[in-house]
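Structure first, commentary second.
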Amino acid sequence: MVFQYTNAFVTIASVNCENLVSFYTKLLEQKPVILIPNVYAEFNLVGMRLGIFKPKNTNESEFEALAKSKISLCLEVSNLEDAIAHLTALGYPPPGKISIADHGREIYAYDPDGNRLILHQAIVNDN
């Protein structure tokens, strides 16, 4: 038996679904391609889909953030300072400073539910 799948995408559960959908609509500067108010929203991003859903009342406790998540939504940006300014204008400024890694510059930020975002600007080699 072979495990086969047709697509993959990332989802975020939130009891404050409408607030999170509003945040990602503004952050990504696009409306969801699928929207069921206060139930589910889906955004088409470059190379992936992002779904946001409200868990059923019977499952809410499973999605309560009791500890920091080990998963991050990493968004590659062309200009890190512009991305930081955009998040700051939305009311969610990154709490730390830009760090330098072998693969580029990045900064951590958080959405309204505290999910980690990594804004990353790759190093451009002009070879």
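The way I read the labels, and the way they are meant: chains A, B, ... in the order of the structure tokens, residue 1 as the first residue of every chain, and ligand 1 as the first ligand shown, with later ones counted on from there.
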Exercise: Ser22 of chain A partners within 12 Å, only C-alpha atoms, chain neighbours under 2 positions left out, as a VMD selection string: chain A and resid 16 to 20 24 to 32 35 37 to 38 41 to 43 52 90 111 to 112
DSSP on the backbone: which residues in chain A end up as helix (DSSP H, G or I)? Give the answer as a list in words.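 Assigned to helix (DSSP H, G or I), within chain A: Cys17, Glu18, Asn19, Leu20, Val21, Ser22, Phe23, Tyr24, Thr25, Lys26, Leu27, Leu28, Asn57, Thr58, Asn59, Glu60, Ser61, Glu62, Phe63, Leu80, Glu81, Asp82, Ala83, Ile84, Ala85, His86, Leu87, Thr88 and Ala89 of chain A.
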May I have the residues within 9 Å of Lys97 of chain A as a ChimeraX atom specification, using only C-alpha atoms and disregarding those fewer than 4 positions away in the same chain? /A:106-108
Written selection (all heavy atoms) as a JSON list (two decimals), in the first residue's frame:
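Final output, selection.json:
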```
[["chain", "number", "residue", "atom", "x", "y", "z"],
["A", 106, "GLU", "N", 16.28, 37.72, 9.35],
["A", 106, "GLU", "CA", 14.93, 37.36, 9.73],
["A", 106, "GLU", "C", 14.55, 37.99, 11.05],
["A", 106, "GLU", "O", 15.40, 38.45, 11.81],
["A", 106, "GLU", "CB", 14.76, 35.84, 9.79],
["A", 106, "GLU", "CG", 15.61, 35.15, 10.82],
["A", 106, "GLU", "CD", 15.53, 33.63, 10.73],
["A", 106, "GLU", "OE1", 15.31, 33.10, 9.63],
["A", 106, "GLU", "OE2", 15.68, 32.98, 11.77],
["A", 107, "ILE", "N", 13.24, 38.00, 11.28],
["A", 107, "ILE", "CA", 12.72, 38.52, 12.54],
["A", 107, "ILE", "C", 11.47, 37.72, 12.88],
["A", 107, "ILE", "O", 10.73, 37.28, 11.99],
["A", 107, "ILE", "CB", 12.41, 40.03, 12.47],
["A", 107, "ILE", "CG1", 12.18, 40.60, 13.87],
["A", 107, "ILE", "CG2", 11.25, 40.32, 11.52],
["A", 107, "ILE", "CD1", 12.28, 42.12, 13.92],
["A", 108, "TYR", "N", 11.26, 37.49, 14.17],
["A", 108, "TYR", "CA", 10.06, 36.80, 14.64],
["A", 108, "TYR", "C", 8.98, 37.84, 14.92],
["A", 108, "TYR", "O", 9.26, 38.92, 15.44],
["A", 108, "TYR", "CB", 10.33, 36.02, 15.91],
["A", 108, "TYR", "CG", 11.12, 34.74, 15.74],
["A", 108, "TYR", "CD1", 11.78, 34.44, 14.56],
["A", 108, "TYR", "CD2", 11.22, 33.83, 16.77],
["A", 108, "TYR", "CE1", 12.50, 33.27, 14.41],
["A", 108, "TYR", "CE2", 11.94, 32.65, 16.65],
["A", 108, "TYR", "CZ", 12.58, 32.39, 15.45],
["A", 108, "TYR", "OH", 13.29, 31.23, 15.32]]
```
Which one of A:Val39, A:Asn79, A:Val33, A:Gly104 sits closest to Asn57 of chain A if you count only C-alpha atoms?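 The shortest atom-to-atom distance to Asn57 of chain A comes from A:Val39.
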Nearest to Val21 of chain A, chosen from A:Ile123, A:Leu80, A:Asp113, A:Thr88, with only C-alpha atoms counted in the distances: A:Asp113
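Between Val15 of chain A and the residues A:Ser78, A:Ser99, A:Asn59, A:Gln121, the shortest atom-to-atom distance, using only C-alpha atoms, involves A:Asn59.
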Strand (DSSP E) call set, DSSP backbone run, chain A, as a PyMOL selection string: chain A and resi 10-13+34-36+40-45+48-53+73-76+99-101+104-110+116-122
Mind dumping the selected residues with N, CA, C and O atoms as a compact mmCIF listing (two decimals), in the first residue's frame?
```
# COMPACT_ATOMS: atom_id res chain seq x y z
N VAL A 10 -1.41 24.35 5.18
CA VAL A 10 -1.26 24.62 6.60
C VAL A 10 -2.57 25.22 7.10
O VAL A 10 -3.18 26.05 6.42
N THR A 11 -3.00 24.80 8.30
CA THR A 11 -4.19 25.40 8.90
C THR A 11 -3.86 25.90 10.30
O THR A 11 -2.97 25.37 10.97
N ILE A 12 -4.58 26.91 10.71
CA ILE A 12 -4.45 27.47 12.05
C ILE A 12 -5.84 27.45 12.68
O ILE A 12 -6.79 27.97 12.10
N ALA A 13 -5.95 26.86 13.85
CA ALA A 13 -7.21 26.85 14.58
C ALA A 13 -7.28 28.07 15.48
O ALA A 13 -6.27 28.46 16.08
N ILE A 34 -11.77 31.28 -0.08
CA ILE A 34 -12.93 30.59 0.49
C ILE A 34 -13.21 31.25 1.83
O ILE A 34 -12.30 31.46 2.63
N LEU A 35 -14.47 31.61 2.06
CA LEU A 35 -14.83 32.24 3.33
C LEU A 35 -16.20 31.75 3.78
O LEU A 35 -17.19 31.95 3.09
N ILE A 36 -16.22 31.07 4.90
CA ILE A 36 -17.45 30.71 5.59
C ILE A 36 -17.34 31.46 6.91
O ILE A 36 -16.56 31.06 7.79
N TYR A 40 -14.51 29.12 8.62
CA TYR A 40 -13.33 28.74 7.84
C TYR A 40 -13.00 29.81 6.82
O TYR A 40 -13.88 30.41 6.21
N ALA A 41 -11.71 30.04 6.62
CA ALA A 41 -11.23 30.93 5.57
C ALA A 41 -9.97 30.30 4.99
O ALA A 41 -9.21 29.64 5.70
N GLU A 42 -9.77 30.52 3.71
CA GLU A 42 -8.57 29.95 3.06
C GLU A 42 -7.96 30.99 2.13
O GLU A 42 -8.66 31.64 1.37
N PHE A 43 -6.65 31.13 2.25
CA PHE A 43 -5.87 32.05 1.42
C PHE A 43 -4.96 31.25 0.51
O PHE A 43 -4.37 30.26 0.94
N ASN A 44 -4.83 31.67 -0.73
CA ASN A 44 -3.86 31.08 -1.64
C ASN A 44 -2.59 31.91 -1.57
O ASN A 44 -2.58 33.08 -1.94
N LEU A 45 -1.53 31.29 -1.07
CA LEU A 45 -0.23 31.95 -1.00
C LEU A 45 0.66 31.36 -2.08
O LEU A 45 0.36 30.31 -2.63
N MET A 48 1.64 27.58 -1.48
CA MET A 48 0.88 26.87 -0.46
C MET A 48 -0.46 27.53 -0.23
O MET A 48 -0.71 28.63 -0.71
N ARG A 49 -1.29 26.84 0.52
CA ARG A 49 -2.57 27.40 0.97
C ARG A 49 -2.54 27.51 2.48
O ARG A 49 -1.94 26.67 3.16
N LEU A 50 -3.18 28.54 3.01
CA LEU A 50 -3.28 28.75 4.44
C LEU A 50 -4.74 28.74 4.81
O LEU A 50 -5.52 29.55 4.31
N GLY A 51 -5.15 27.82 5.67
CA GLY A 51 -6.52 27.74 6.14
C GLY A 51 -6.61 28.18 7.59
O GLY A 51 -5.72 27.89 8.40
N ILE A 52 -7.68 28.88 7.94
CA ILE A 52 -7.94 29.28 9.32
C ILE A 52 -9.32 28.77 9.65
O ILE A 52 -10.27 29.02 8.90
N PHE A 53 -9.44 28.03 10.74
CA PHE A 53 -10.74 27.48 11.07
C PHE A 53 -11.06 27.64 12.55
O PHE A 53 -10.17 27.75 13.38
N LEU A 73 4.96 29.95 10.81
CA LEU A 73 4.63 30.28 9.44
C LEU A 73 5.73 31.22 8.96
O LEU A 73 5.86 32.34 9.46
N CYS A 74 6.56 30.74 8.06
CA CYS A 74 7.69 31.53 7.56
C CYS A 74 7.29 32.16 6.23
O CYS A 74 6.88 31.46 5.30
N LEU A 75 7.41 33.47 6.15
CA LEU A 75 7.08 34.20 4.93
C LEU A 75 8.35 34.85 4.39
O LEU A 75 8.97 35.67 5.06
N GLU A 76 8.74 34.44 3.20
CA GLU A 76 9.90 35.04 2.52
C GLU A 76 9.47 36.40 2.00
O GLU A 76 8.44 36.51 1.33
N SER A 99 17.68 39.35 13.15
CA SER A 99 18.86 38.51 13.36
C SER A 99 19.45 38.14 12.01
O SER A 99 18.75 38.10 10.99
N ILE A 100 20.74 37.90 12.02
CA ILE A 100 21.46 37.53 10.80
C ILE A 100 21.79 36.04 10.89
O ILE A 100 22.37 35.59 11.87
N ALA A 101 21.40 35.31 9.85
CA ALA A 101 21.71 33.89 9.78
C ALA A 101 22.46 33.64 8.47
O ALA A 101 22.54 34.52 7.61
N GLY A 104 20.24 34.38 5.52
CA GLY A 104 19.65 35.70 5.32
C GLY A 104 19.32 36.38 6.63
O GLY A 104 19.82 36.01 7.70
N ARG A 105 18.46 37.38 6.55
CA ARG A 105 18.04 38.14 7.72
C ARG A 105 16.60 37.75 8.06
O ARG A 105 15.79 37.52 7.15
N GLU A 106 16.28 37.72 9.35
CA GLU A 106 14.93 37.36 9.73
C GLU A 106 14.55 37.99 11.05
O GLU A 106 15.40 38.45 11.81
N ILE A 107 13.24 38.00 11.28
CA ILE A 107 12.72 38.52 12.54
C ILE A 107 11.47 37.72 12.88
O ILE A 107 10.73 37.28 11.99
N TYR A 108 11.26 37.49 14.17
CA TYR A 108 10.06 36.80 14.64
C TYR A 108 8.98 37.84 14.92
O TYR A 108 9.26 38.92 15.44
N ALA A 109 7.76 37.46 14.61
CA ALA A 109 6.59 38.27 14.92
C ALA A 109 5.49 37.30 15.32
O ALA A 109 5.67 36.08 15.23
N TYR A 110 4.36 37.84 15.76
CA TYR A 110 3.27 36.97 16.22
C TYR A 110 1.93 37.52 15.75
O TYR A 110 1.73 38.74 15.72
N ARG A 116 3.57 32.03 15.88
CA ARG A 116 4.84 32.61 15.44
C ARG A 116 4.88 32.78 13.93
O ARG A 116 4.58 31.88 13.16
N LEU A 117 5.28 33.97 13.51
CA LEU A 117 5.57 34.27 12.11
C LEU A 117 7.07 34.53 12.02
O LEU A 117 7.63 35.19 12.89
N ILE A 118 7.69 34.01 10.99
CA ILE A 118 9.08 34.35 10.74
C ILE A 118 9.11 35.08 9.41
O ILE A 118 8.73 34.52 8.37
N LEU A 119 9.51 36.34 9.44
CA LEU A 119 9.69 37.10 8.22
C LEU A 119 11.16 36.97 7.85
O LEU A 119 12.04 37.28 8.65
N HIS A 120 11.41 36.49 6.64
CA HIS A 120 12.77 36.15 6.24
C HIS A 120 13.11 36.82 4.91
O HIS A 120 12.33 36.78 3.97
N GLN A 121 14.27 37.44 4.86
CA GLN A 121 14.79 38.02 3.61
C GLN A 121 16.07 37.29 3.28
O GLN A 121 17.04 37.33 4.04
N ALA A 122 16.07 36.61 2.15
CA ALA A 122 17.22 35.80 1.75
C ALA A 122 18.39 36.69 1.33
O ALA A 122 18.21 37.83 0.90
```
Point-to-point distance in Å for atom CA of Lys70 of chain A and atom CA of Ser14 of chain A: 16.7 Å
